[in-house]
file upload34.pdb (PDB, C-alpha atoms, pLDDT in the B column)
ATOM      1  CA  MET A   1       0.000   0.000   0.000  1.00 38.00           C
ATOM      2  CA  LYS A   2       1.252   3.460  -0.876  1.00 43.00           C
ATOM      3  CA  GLU A   3       1.817   5.938   1.907  1.00 44.00           C
ATOM      4  CA  LYS A   4      -0.063   9.210   2.026  1.00 46.00           C
ATOM      5  CA  THR A   5       1.717  12.065   0.344  1.00 46.00           C
ATOM      6  CA  SER A   6       3.271  14.791   2.429  1.00 48.00           C
ATOM      7  CA  ARG A   7       1.729  18.252   2.322  1.00 53.00           C
ATOM      8  CA  GLU A   8       2.600  19.643  -1.081  1.00 66.00           C
ATOM      9  CA  SER A   9       1.319  22.109  -3.600  1.00 89.00           C
ATOM     10  CA  TYR A  10      -1.514  21.342  -5.961  1.00 95.00           C
ATOM     11  CA  ASN A  11      -2.778  23.059  -9.075  1.00 94.00           C
ATOM     12  CA  PHE A  12      -6.517  23.650  -9.218  1.00 96.00           C
ATOM     13  CA  VAL A  13      -7.853  23.630 -12.773  1.00 96.00           C
ATOM     14  CA  ILE A  14     -11.109  23.281 -14.684  1.00 96.00           C
ATOM     15  CA  ALA A  15     -11.716  19.790 -16.088  1.00 96.00           C
ATOM     16  CA  VAL A  16     -11.489  19.243 -19.853  1.00 95.00           C
ATOM     17  CA  ASP A  17     -12.248  16.217 -22.028  1.00 94.00           C
ATOM     18  CA  SER A  18      -8.672  14.928 -21.844  1.00 95.00           C
ATOM     19  CA  ASP A  19      -9.114  14.554 -18.053  1.00 96.00           C
ATOM     20  CA  LEU A  20     -12.023  12.119 -18.389  1.00 95.00           C
ATOM     21  CA  GLU A  21     -10.135   8.834 -17.941  1.00 95.00           C
ATOM     22  CA  ALA A  22      -8.215  10.120 -14.914  1.00 96.00           C
ATOM     23  CA  VAL A  23     -11.410  11.494 -13.351  1.00 96.00           C
ATOM     24  CA  MET A  24     -13.297   8.230 -13.807  1.00 96.00           C
ATOM     25  CA  SER A  25     -10.352   6.276 -12.404  1.00 95.00           C
ATOM     26  CA  LEU A  26     -10.244   8.565  -9.357  1.00 96.00           C
ATOM     27  CA  LEU A  27     -13.998   8.187  -8.817  1.00 96.00           C
ATOM     28  CA  HIS A  28     -13.675   4.408  -9.084  1.00 95.00           C
ATOM     29  CA  ARG A  29     -10.868   4.311  -6.473  1.00 94.00           C
ATOM     30  CA  THR A  30     -12.646   6.625  -4.052  1.00 94.00           C
ATOM     31  CA  TRP A  31     -15.910   4.707  -4.316  1.00 92.00           C
ATOM     32  CA  LEU A  32     -14.048   1.452  -3.566  1.00 93.00           C
ATOM     33  CA  THR A  33     -12.423   3.058  -0.526  1.00 90.00           C
ATOM     34  CA  THR A  34     -15.546   4.827   0.733  1.00 88.00           C
ATOM     35  CA  TYR A  35     -18.318   2.330   0.198  1.00 87.00           C
ATOM     36  CA  VAL A  36     -16.741  -1.139   0.322  1.00 88.00           C
ATOM     37  CA  ASP A  37     -16.216  -1.470   4.063  1.00 71.00           C
ATOM     38  CA  GLY A  38     -19.049  -3.642   5.305  1.00 72.00           C
ATOM     39  CA  THR A  39     -21.074  -0.637   6.499  1.00 70.00           C
ATOM     40  CA  PHE A  40     -23.007  -0.173   3.273  1.00 70.00           C
ATOM     41  CA  GLY A  41     -23.345  -3.833   2.211  1.00 80.00           C
ATOM     42  CA  ILE A  42     -21.716  -2.961  -1.109  1.00 87.00           C
ATOM     43  CA  SER A  43     -19.252  -5.298  -2.776  1.00 89.00           C
ATOM     44  CA  PRO A  44     -16.248  -4.410  -4.942  1.00 92.00           C
ATOM     45  CA  ASP A  45     -18.141  -6.052  -7.825  1.00 91.00           C
ATOM     46  CA  ASP A  46     -20.899  -3.443  -7.444  1.00 88.00           C
ATOM     47  CA  ILE A  47     -18.409  -0.580  -7.699  1.00 90.00           C
ATOM     48  CA  ASN A  48     -16.401  -2.197 -10.493  1.00 92.00           C
ATOM     49  CA  ALA A  49     -19.585  -2.719 -12.535  1.00 89.00           C
ATOM     50  CA  ARG A  50     -20.637   0.894 -11.950  1.00 87.00           C
ATOM     51  CA  PHE A  51     -17.393   2.196 -13.434  1.00 91.00           C
ATOM     52  CA  ASP A  52     -16.785  -0.449 -16.130  1.00 92.00           C
ATOM     53  CA  PRO A  53     -16.318   1.535 -19.375  1.00 91.00           C
ATOM     54  CA  GLN A  54     -17.198  -1.599 -21.372  1.00 92.00           C
ATOM     55  CA  SER A  55     -20.701  -1.916 -19.891  1.00 88.00           C
ATOM     56  CA  PRO A  56     -23.640   0.131 -21.207  1.00 87.00           C
ATOM     57  CA  GLU A  57     -24.085   1.726 -17.755  1.00 84.00           C
ATOM     58  CA  GLY A  58     -20.372   2.517 -17.508  1.00 87.00           C
ATOM     59  CA  ARG A  59     -20.248   4.054 -20.986  1.00 91.00           C
ATOM     60  CA  ALA A  60     -23.295   6.177 -20.173  1.00 91.00           C
ATOM     61  CA  ARG A  61     -21.648   7.299 -16.922  1.00 90.00           C
ATOM     62  CA  TYR A  62     -18.499   8.348 -18.837  1.00 94.00           C
ATOM     63  CA  GLU A  63     -20.594  10.319 -21.320  1.00 94.00           C
ATOM     64  CA  ARG A  64     -22.560  12.071 -18.562  1.00 93.00           C
ATOM     65  CA  MET A  65     -19.273  13.109 -16.973  1.00 95.00           C
ATOM     66  CA  ARG A  66     -17.984  14.424 -20.310  1.00 94.00           C
ATOM     67  CA  GLU A  67     -21.212  16.444 -20.660  1.00 95.00           C
ATOM     68  CA  ARG A  68     -20.663  17.902 -17.183  1.00 94.00           C
ATOM     69  CA  PHE A  69     -17.230  19.147 -18.270  1.00 95.00           C
ATOM     70  CA  ARG A  70     -18.868  21.017 -21.165  1.00 95.00           C
ATOM     71  CA  ASP A  71     -22.026  22.339 -19.472  1.00 95.00           C
ATOM     72  CA  GLU A  72     -21.902  26.084 -18.717  1.00 95.00           C
ATOM     73  CA  ASN A  73     -24.080  25.519 -15.622  1.00 95.00           C
ATOM     74  CA  MET A  74     -21.551  23.050 -14.217  1.00 96.00           C
ATOM     75  CA  HIS A  75     -18.192  23.788 -12.619  1.00 96.00           C
ATOM     76  CA  CYS A  76     -15.769  20.834 -12.521  1.00 97.00           C
ATOM     77  CA  VAL A  77     -12.623  21.599 -10.532  1.00 97.00           C
ATOM     78  CA  LEU A  78      -9.625  19.270 -10.409  1.00 97.00           C
ATOM     79  CA  ALA A  79      -6.691  19.207  -8.012  1.00 97.00           C
ATOM     80  CA  LYS A  80      -3.516  18.005  -9.707  1.00 97.00           C
ATOM     81  CA  ARG A  81       0.024  17.546  -8.482  1.00 93.00           C
ATOM     82  CA  ALA A  82       2.842  19.062 -10.515  1.00 88.00           C
ATOM     83  CA  SER A  83       3.383  15.589 -12.032  1.00 90.00           C
ATOM     84  CA  GLY A  84      -0.148  15.749 -13.445  1.00 90.00           C
ATOM     85  CA  GLU A  85      -1.456  13.106 -11.025  1.00 94.00           C
ATOM     86  CA  LEU A  86      -5.111  13.748 -10.208  1.00 97.00           C
ATOM     87  CA  ALA A  87      -5.644  14.192  -6.467  1.00 97.00           C
ATOM     88  CA  GLY A  88      -9.289  15.273  -6.352  1.00 98.00           C
ATOM     89  CA  ILE A  89     -12.381  16.494  -8.135  1.00 98.00           C
ATOM     90  CA  GLY A  90     -15.334  18.652  -7.212  1.00 98.00           C
ATOM     91  CA  ILE A  91     -18.458  19.320  -9.266  1.00 97.00           C
ATOM     92  CA  ALA A  92     -21.052  22.052  -8.745  1.00 97.00           C
ATOM     93  CA  ARG A  93     -24.251  22.769 -10.669  1.00 97.00           C
ATOM     94  CA  ARG A  94     -26.299  25.937 -10.943  1.00 96.00           C
ATOM     95  CA  GLY A  95     -30.020  25.257 -10.888  1.00 94.00           C
ATOM     96  CA  GLU A  96     -33.055  27.394 -11.596  1.00 93.00           C
ATOM     97  CA  VAL A  97     -34.124  27.747  -7.958  1.00 93.00           C
ATOM     98  CA  GLN A  98     -31.105  26.514  -6.019  1.00 93.00           C
ATOM     99  CA  ASN A  99     -27.503  25.478  -6.608  1.00 96.00           C
ATOM    100  CA  PHE A 100     -25.872  22.150  -5.814  1.00 96.00           C
ATOM    101  CA  ILE A 101     -22.557  20.673  -4.875  1.00 97.00           C
ATOM    102  CA  GLU A 102     -22.749  17.499  -6.944  1.00 95.00           C
ATOM    103  CA  SER A 103     -19.655  15.828  -5.511  1.00 94.00           C
ATOM    104  CA  VAL A 104     -16.250  16.195  -3.935  1.00 97.00           C
ATOM    105  CA  TYR A 105     -13.938  13.183  -4.127  1.00 97.00           C
ATOM    106  CA  ILE A 106     -10.327  13.143  -2.962  1.00 97.00           C
ATOM    107  CA  ASP A 107      -7.896  10.312  -3.605  1.00 95.00           C
ATOM    108  CA  PRO A 108      -7.271   8.646  -0.221  1.00 92.00           C
ATOM    109  CA  LEU A 109      -3.531   9.258  -0.640  1.00 92.00           C
ATOM    110  CA  HIS A 110      -4.213  13.006  -0.742  1.00 94.00           C
ATOM    111  CA  GLN A 111      -6.807  13.267   2.013  1.00 92.00           C
ATOM    112  CA  GLY A 112      -5.783  15.398   4.962  1.00 92.00           C
ATOM    113  CA  GLN A 113      -3.751  17.731   2.750  1.00 93.00           C
ATOM    114  CA  GLY A 114      -6.394  20.473   2.427  1.00 95.00           C
ATOM    115  CA  VAL A 115      -7.313  19.464  -1.123  1.00 96.00           C
ATOM    116  CA  GLY A 116     -10.983  18.797  -0.368  1.00 97.00           C
ATOM    117  CA  HIS A 117     -11.303  22.054   1.559  1.00 96.00           C
ATOM    118  CA  ARG A 118      -9.822  24.046  -1.305  1.00 96.00           C
ATOM    119  CA  ILE A 119     -12.022  22.347  -3.915  1.00 97.00           C
ATOM    120  CA  LEU A 120     -15.183  22.854  -1.849  1.00 98.00           C
ATOM    121  CA  GLU A 121     -14.357  26.506  -1.182  1.00 97.00           C
ATOM    122  CA  THR A 122     -13.789  27.040  -4.922  1.00 97.00           C
ATOM    123  CA  LEU A 123     -17.166  25.473  -5.753  1.00 97.00           C
ATOM    124  CA  ILE A 124     -18.996  27.476  -3.092  1.00 96.00           C
ATOM    125  CA  THR A 125     -17.415  30.726  -4.303  1.00 95.00           C
ATOM    126  CA  TRP A 126     -18.555  29.972  -7.875  1.00 96.00           C
ATOM    127  CA  LEU A 127     -22.089  29.118  -6.738  1.00 96.00           C
ATOM    128  CA  LEU A 128     -22.358  32.218  -4.540  1.00 92.00           C
ATOM    129  CA  LEU A 129     -22.085  34.398  -7.642  1.00 91.00           C
ATOM    130  CA  GLU A 130     -25.843  33.789  -7.789  1.00 90.00           C
ATOM    131  CA  ASP A 131     -28.009  34.473  -4.747  1.00 90.00           C
ATOM    132  CA  LYS A 132     -29.562  31.018  -4.418  1.00 94.00           C
ATOM    133  CA  PRO A 133     -29.471  28.405  -1.676  1.00 94.00           C
ATOM    134  CA  ILE A 134     -26.718  25.782  -1.971  1.00 97.00           C
ATOM    135  CA  SER A 135     -27.339  22.171  -1.070  1.00 95.00           C
ATOM    136  CA  LEU A 136     -25.809  18.744  -1.539  1.00 95.00           C
ATOM    137  CA  TYR A 137     -26.690  15.132  -0.904  1.00 93.00           C
ATOM    138  CA  VAL A 138     -24.442  12.799   1.035  1.00 92.00           C
ATOM    139  CA  ALA A 139     -24.710   9.120   1.936  1.00 87.00           C
ATOM    140  CA  THR A 140     -26.375   8.868   5.334  1.00 84.00           C
ATOM    141  CA  GLN A 141     -23.722   6.431   6.541  1.00 81.00           C
ATOM    142  CA  ASN A 142     -20.765   8.485   5.330  1.00 87.00           C
ATOM    143  CA  GLU A 143     -20.059  10.197   8.640  1.00 90.00           C
ATOM    144  CA  LYS A 144     -16.663  11.433   7.472  1.00 92.00           C
ATOM    145  CA  ALA A 145     -18.268  13.359   4.577  1.00 94.00           C
ATOM    146  CA  ILE A 146     -21.098  14.683   6.766  1.00 95.00           C
ATOM    147  CA  GLU A 147     -18.520  16.007   9.231  1.00 96.00           C
ATOM    148  CA  PHE A 148     -16.431  17.500   6.380  1.00 96.00           C
ATOM    149  CA  TYR A 149     -19.398  19.376   4.902  1.00 97.00           C
ATOM    150  CA  GLY A 150     -20.581  20.415   8.374  1.00 96.00           C
ATOM    151  CA  GLY A 151     -17.173  22.025   8.912  1.00 96.00           C
ATOM    152  CA  HIS A 152     -17.902  24.215   5.888  1.00 96.00           C
ATOM    153  CA  GLY A 153     -21.267  25.457   7.151  1.00 96.00           C
ATOM    154  CA  PHE A 154     -23.590  22.793   5.734  1.00 97.00           C
ATOM    155  CA  GLN A 155     -26.348  21.490   7.987  1.00 95.00           C
ATOM    156  CA  ILE A 156     -28.557  18.450   7.573  1.00 92.00           C
ATOM    157  CA  ASN A 157     -31.965  19.561   6.362  1.00 89.00           C
ATOM    158  CA  LEU A 158     -34.298  17.830   8.808  1.00 83.00           C
ATOM    159  CA  ASN A 159     -37.310  18.834   6.688  1.00 79.00           C
ATOM    160  CA  THR A 160     -36.208  16.748   3.711  1.00 70.00           C
ATOM    161  CA  PRO A 161     -36.891  13.002   3.778  1.00 60.00           C
ATOM    162  CA  LEU A 162     -34.069  10.599   3.004  1.00 58.00           C
ATOM    163  CA  SER A 163     -33.480  10.507  -0.714  1.00 58.00           C
ATOM    164  CA  SER A 164     -32.601   7.627  -2.978  1.00 51.00           C
ATOM    165  CA  HIS A 165     -31.477   9.046  -6.301  1.00 52.00           C
ATOM    166  CA  GLN A 166     -31.349   6.827  -9.361  1.00 41.00           C
ATOM    167  CA  GLU A 167     -27.740   8.021  -9.669  1.00 54.00           C
ATOM    168  CA  THR A 168     -26.846   6.090  -6.527  1.00 71.00           C
ATOM    169  CA  ALA A 169     -28.529   2.818  -7.469  1.00 75.00           C
ATOM    170  CA  LEU A 170     -25.885   0.116  -7.923  1.00 81.00           C
ATOM    171  CA  PRO A 171     -25.967  -2.775 -10.406  1.00 78.00           C
ATOM    172  CA  SER A 172     -26.892  -5.226  -7.618  1.00 81.00           C
ATOM    173  CA  GLY A 173     -29.961  -3.128  -6.821  1.00 81.00           C
ATOM    174  CA  ILE A 174     -28.533  -1.680  -3.603  1.00 83.00           C
ATOM    175  CA  VAL A 175     -29.431   1.992  -3.286  1.00 81.00           C
ATOM    176  CA  ILE A 176     -27.330   4.302  -1.172  1.00 83.00           C
ATOM    177  CA  ALA A 177     -29.644   6.376   1.045  1.00 81.00           C
ATOM    178  CA  GLU A 178     -28.751  10.060   1.124  1.00 86.00           C
ATOM    179  CA  VAL A 179     -29.553  13.061   3.249  1.00 87.00           C
ATOM    180  CA  GLU A 180     -29.724  16.659   2.069  1.00 91.00           C
ATOM    181  CA  MET A 181     -27.347  19.204   3.604  1.00 94.00           C
ATOM    182  CA  VAL A 182     -27.875  22.947   3.069  1.00 95.00           C
ATOM    183  CA  LEU A 183     -25.315  25.735   3.397  1.00 96.00           C
ATOM    184  CA  LYS A 184     -26.506  27.937   6.223  1.00 87.00           C
ATOM    185  CA  LYS A 185     -26.584  31.648   5.507  1.00 75.00           C
ATOM    186  CA  ASP A 186     -24.485  33.978   7.637  1.00 65.00           C
TER     187      ASP A 186
END
call {"tool": "encode", "arguments": {"input": "upload34.pdb", "output": "structure tokens"}}
result
Amino acid sequence: MKEKTSRESYNFVIAVDSDLEAVMSLLHRTWLTTYVDGTFGISPDDINARFDPQSPEGRARYERMRERFRDENMHCVLAKRASGELAGIGIARRGEVQNFIESVYIDPLHQGQGVGHRILETLITWLLLEDKPISLYVATQNEKAIEFYGGHGFQINLNTPLSSHQETALPSGIVIAEVEMVLKKD
């Protein structure tokens, strides 16, 4: 197993089509690390099938990510080391009534280096250019992520029932339950 990297500098850039393979690989690794731990009842096969570029679902997932890179209402920020290695990704979306943090994923080797904080702050700054509420959905069992977002001013919206998005349905049929978190206004 590789050791975590020491604190180093990262470049924060907007994702382009040529980043697609690296982004999907990072998402695959982080999903394996986050969700395959016995807590969620998810197997590595579930995650591998979700990100398999040879499967119809996997190909569709790759194309949806490529579309996100190109959508003017989306902001896809990458953290890269000087070597070009992808350390993290964050995606935000501007909506008609409210804005969303779609995701923030950091390679486990780069967690604890401030990468996730910097990506999230960049996304929030971009979304705050419009005066709309900002929310996100997070797996109810992902306490680490709930704590991370809470540290940035997000609070669980107790008025919203648990959500099961089609996006989080896995090939085995397991659905990851999510809770909405909303950025509290100052």
call {"tool": "closest_atom_pairs", "arguments": {"input": "upload34.pdb", "of": "region 49-164 of chain A", "to": "region 179-186 of chain A", "cutoff": "8 Å", "atoms": "only C-alpha atoms", "output": "Markdown table"}}
result
| residue | atom | partner | partner_atom | distance |
| --- | --- | --- | --- | --- |
| A:Pro133 | CA | A:Leu183 | CA | 7.1 |
| A:Ile134 | CA | A:Leu183 | CA | 5.5 |
| A:Ser135 | CA | A:Val182 | CA | 4.2 |
| A:Leu136 | CA | A:Met181 | CA | 5.4 |
| A:Tyr137 | CA | A:Glu180 | CA | 4.5 |
| A:Val138 | CA | A:Val179 | CA | 5.6 |
| A:Ala139 | CA | A:Val179 | CA | 6.4 |
| A:Thr140 | CA | A:Val179 | CA | 5.7 |
| A:His152 | CA | A:Leu183 | CA | 8.0 |
| A:Gly153 | CA | A:Leu183 | CA | 5.5 |
| A:Phe154 | CA | A:Leu183 | CA | 4.1 |
| A:Gln155 | CA | A:Met181 | CA | 5.0 |
| A:Ile156 | CA | A:Met181 | CA | 4.2 |
| A:Asn157 | CA | A:Met181 | CA | 5.4 |
| A:Thr160 | CA | A:Glu180 | CA | 6.7 |
| A:Pro161 | CA | A:Val179 | CA | 7.4 |
| A:Leu162 | CA | A:Val179 | CA | 5.1 |
| A:Ser163 | CA | A:Val179 | CA | 6.1 |
call {"tool": "resolve_selection", "arguments": {"input": "upload34.pdb", "expression": "the PyMOL selection byres ((chain A and resi 35) around 10)", "output": "NGL selection string"}}
result
:A and (30-34 or 36-44 or 46-47 or 139 or 141-142 or 176)
call {"tool": "residues_around", "arguments": {"input": "upload34.pdb", "residues": "Asp17 (chain A)", "least_positions_apart": "2", "cutoff": "10 Å", "atoms": "only C-alpha atoms", "output": "number ranges by chain"}}
result
A: 15, 19-21, 23, 65-70
call {"tool": "resolve_selection", "arguments": {"input": "upload34.pdb", "expression": "the PyMOL selection byres ((chain A and resi 74) around 8)", "output": "list in words"}}
result
Arg68, Phe69, Arg70, Asp71, Glu72, Asn73, His75, Cys76, Ile91, Ala92, Arg93 and Arg94 of chain A
call {"tool": "closest_residue", "arguments": {"input": "upload34.pdb", "among": "A:Leu86, A:Leu129, A:Ala79, A:Ile146", "to": "Val115 (chain A)", "atoms": "only C-alpha atoms"}}
result
A:Ala79
call {"tool": "axis_aligned_box", "arguments": {"input": "upload34.pdb", "around": "region 31-44 of chain A", "padding_each_side": "5 Å", "output": "lines of an AutoDock Vina configuration file"}}
result
center_x = -17.9
center_y = -0.2
center_z = 0.8
size_x = 20.9
size_y = 20.1
size_z = 21.4
call {"tool": "closest_residue", "arguments": {"input": "upload34.pdb", "among": "A:Trp126, A:Phe148, A:Phe51, A:Tyr62", "to": "Tyr105 (chain A)", "atoms": "all atoms listed in the file"}}
result
A:Phe148
call {"tool": "closest_residue", "arguments": {"input": "upload34.pdb", "among": "A:Val97, A:Ala60, A:Leu109, A:Val175", "to": "Glu130 (chain A)", "atoms": "all atoms listed in the file"}}
result
A:Val97
call {"tool": "resolve_selection", "arguments": {"input": "upload34.pdb", "expression": "the PyMOL selection byres ((chain A and resi 12) around 8)", "output": "PyMOL selection string"}}
result
chain A and resi 10-11+13-14+77-80+119
call {"tool": "residues_around", "arguments": {"input": "upload34.pdb", "residues": "Val104 (chain A)", "least_positions_apart": "4", "cutoff": "8 Å", "atoms": "only C-alpha atoms", "output": "PyMOL selection string"}}
result
chain A and resi 88-91+116+119-120
call {"tool": "closest_residue", "arguments": {"input": "upload34.pdb", "among": "A:Leu26, A:Ile101, A:Ala49, A:Val16", "to": "Ile124 (chain A)", "atoms": "all atoms listed in the file"}}
result
A:Ile101
call {"tool": "atom_distance", "arguments": {"input": "upload34.pdb", "atom1": "CA of Ser103 (chain A)", "atom2": "CA of Pro53 (chain A)"}}
result
20.2 Å
call {"tool": "atom_distance", "arguments": {"input": "upload34.pdb", "atom1": "CA of Arg81 (chain A)", "atom2": "CA of Ser9 (chain A)"}}
result
6.8 Å
call {"tool": "closest_residue", "arguments": {"input": "upload34.pdb", "among": "A:Leu128, A:Glu85, A:Leu27, A:Phe100", "to": "Arg61 (chain A)", "atoms": "all atoms listed in the file"}}
result
A:Leu27
call {"tool": "atom_distance", "arguments": {"input": "upload34.pdb", "atom1": "CA of Asn99 (chain A)", "atom2": "CA of Leu127 (chain A)"}}
result
6.5 Å
call {"tool": "closest_residue", "arguments": {"input": "upload34.pdb", "among": "A:Asp45, A:Asp52, A:Glu57, A:Glu96", "to": "Lys132 (chain A)", "atoms": "all atoms listed in the file"}}
result
A:Glu96
call {"tool": "decode", "arguments": {"input": "upload34.pdb", "residues": "region 88-97 of chain A", "atoms": "all heavy atoms", "output": "CSV table (one decimal), in the first residue's frame"}}
result
chain,number,residue,atom,x,y,z
A,88,GLY,N,-7.9,15.1,-6.8
A,88,GLY,CA,-9.3,15.3,-6.4
A,88,GLY,C,-10.1,16.0,-7.4
A,88,GLY,O,-9.6,16.5,-8.4
A,89,ILE,N,-11.4,15.8,-7.2
A,89,ILE,CA,-12.4,16.5,-8.1
A,89,ILE,C,-13.6,17.0,-7.3
A,89,ILE,O,-14.0,16.4,-6.3
A,89,ILE,CB,-12.9,15.5,-9.2
A,89,ILE,CG1,-13.9,16.3,-10.2
A,89,ILE,CG2,-13.5,14.3,-8.7
A,89,ILE,CD1,-14.3,15.5,-11.4
A,90,GLY,N,-14.1,18.1,-7.8
A,90,GLY,CA,-15.3,18.7,-7.2
A,90,GLY,C,-16.2,19.1,-8.3
A,90,GLY,O,-15.7,19.7,-9.3
A,91,ILE,N,-17.5,18.9,-8.2
A,91,ILE,CA,-18.5,19.3,-9.3
A,91,ILE,C,-19.6,20.1,-8.6
A,91,ILE,O,-20.2,19.6,-7.6
A,91,ILE,CB,-19.0,18.1,-10.0
A,91,ILE,CG1,-17.9,17.3,-10.6
A,91,ILE,CG2,-20.0,18.5,-11.1
A,91,ILE,CD1,-18.3,16.0,-11.2
A,92,ALA,N,-19.9,21.2,-9.2
A,92,ALA,CA,-21.1,22.1,-8.7
A,92,ALA,C,-22.0,22.3,-9.9
A,92,ALA,O,-21.5,22.3,-11.1
A,92,ALA,CB,-20.6,23.4,-8.2
A,93,ARG,N,-23.3,22.5,-9.6
A,93,ARG,CA,-24.3,22.8,-10.7
A,93,ARG,C,-25.2,23.9,-10.2
A,93,ARG,O,-25.7,23.9,-9.1
A,93,ARG,CB,-25.1,21.5,-10.9
A,93,ARG,CG,-26.2,21.7,-11.9
A,93,ARG,CD,-26.9,20.4,-12.2
A,93,ARG,NE,-27.3,19.6,-11.1
A,93,ARG,CZ,-28.5,19.7,-10.4
A,93,ARG,NH1,-29.4,20.6,-10.9
A,93,ARG,NH2,-28.8,18.9,-9.4
A,94,ARG,N,-25.3,24.9,-11.2
A,94,ARG,CA,-26.3,25.9,-10.9
A,94,ARG,C,-27.7,25.5,-11.4
A,94,ARG,O,-27.8,25.0,-12.5
A,94,ARG,CB,-25.9,27.2,-11.7
A,94,ARG,CG,-24.7,27.9,-11.1
A,94,ARG,CD,-24.3,29.1,-11.9
A,94,ARG,NE,-23.3,29.8,-11.2
A,94,ARG,CZ,-22.4,30.6,-11.8
A,94,ARG,NH1,-22.4,30.7,-13.1
A,94,ARG,NH2,-21.4,31.2,-11.1
A,95,GLY,N,-28.6,25.6,-10.6
A,95,GLY,CA,-30.0,25.3,-10.9
A,95,GLY,C,-30.9,26.5,-11.0
A,95,GLY,O,-30.5,27.6,-10.8
A,96,GLU,N,-32.1,26.3,-11.4
A,96,GLU,CA,-33.1,27.4,-11.6
A,96,GLU,C,-33.4,28.0,-10.3
A,96,GLU,O,-33.5,29.3,-10.2
A,96,GLU,CB,-34.3,26.9,-12.3
A,96,GLU,CG,-34.1,26.6,-13.8
A,96,GLU,CD,-35.4,26.3,-14.5
A,96,GLU,OE1,-36.4,26.9,-14.1
A,96,GLU,OE2,-35.3,25.5,-15.5
A,97,VAL,N,-33.7,27.2,-9.2
A,97,VAL,CA,-34.1,27.7,-8.0
A,97,VAL,C,-33.0,27.7,-6.9
A,97,VAL,O,-33.0,28.5,-6.0
A,97,VAL,CB,-35.4,27.0,-7.5
A,97,VAL,CG1,-35.8,27.4,-6.1
A,97,VAL,CG2,-36.5,27.1,-8.5
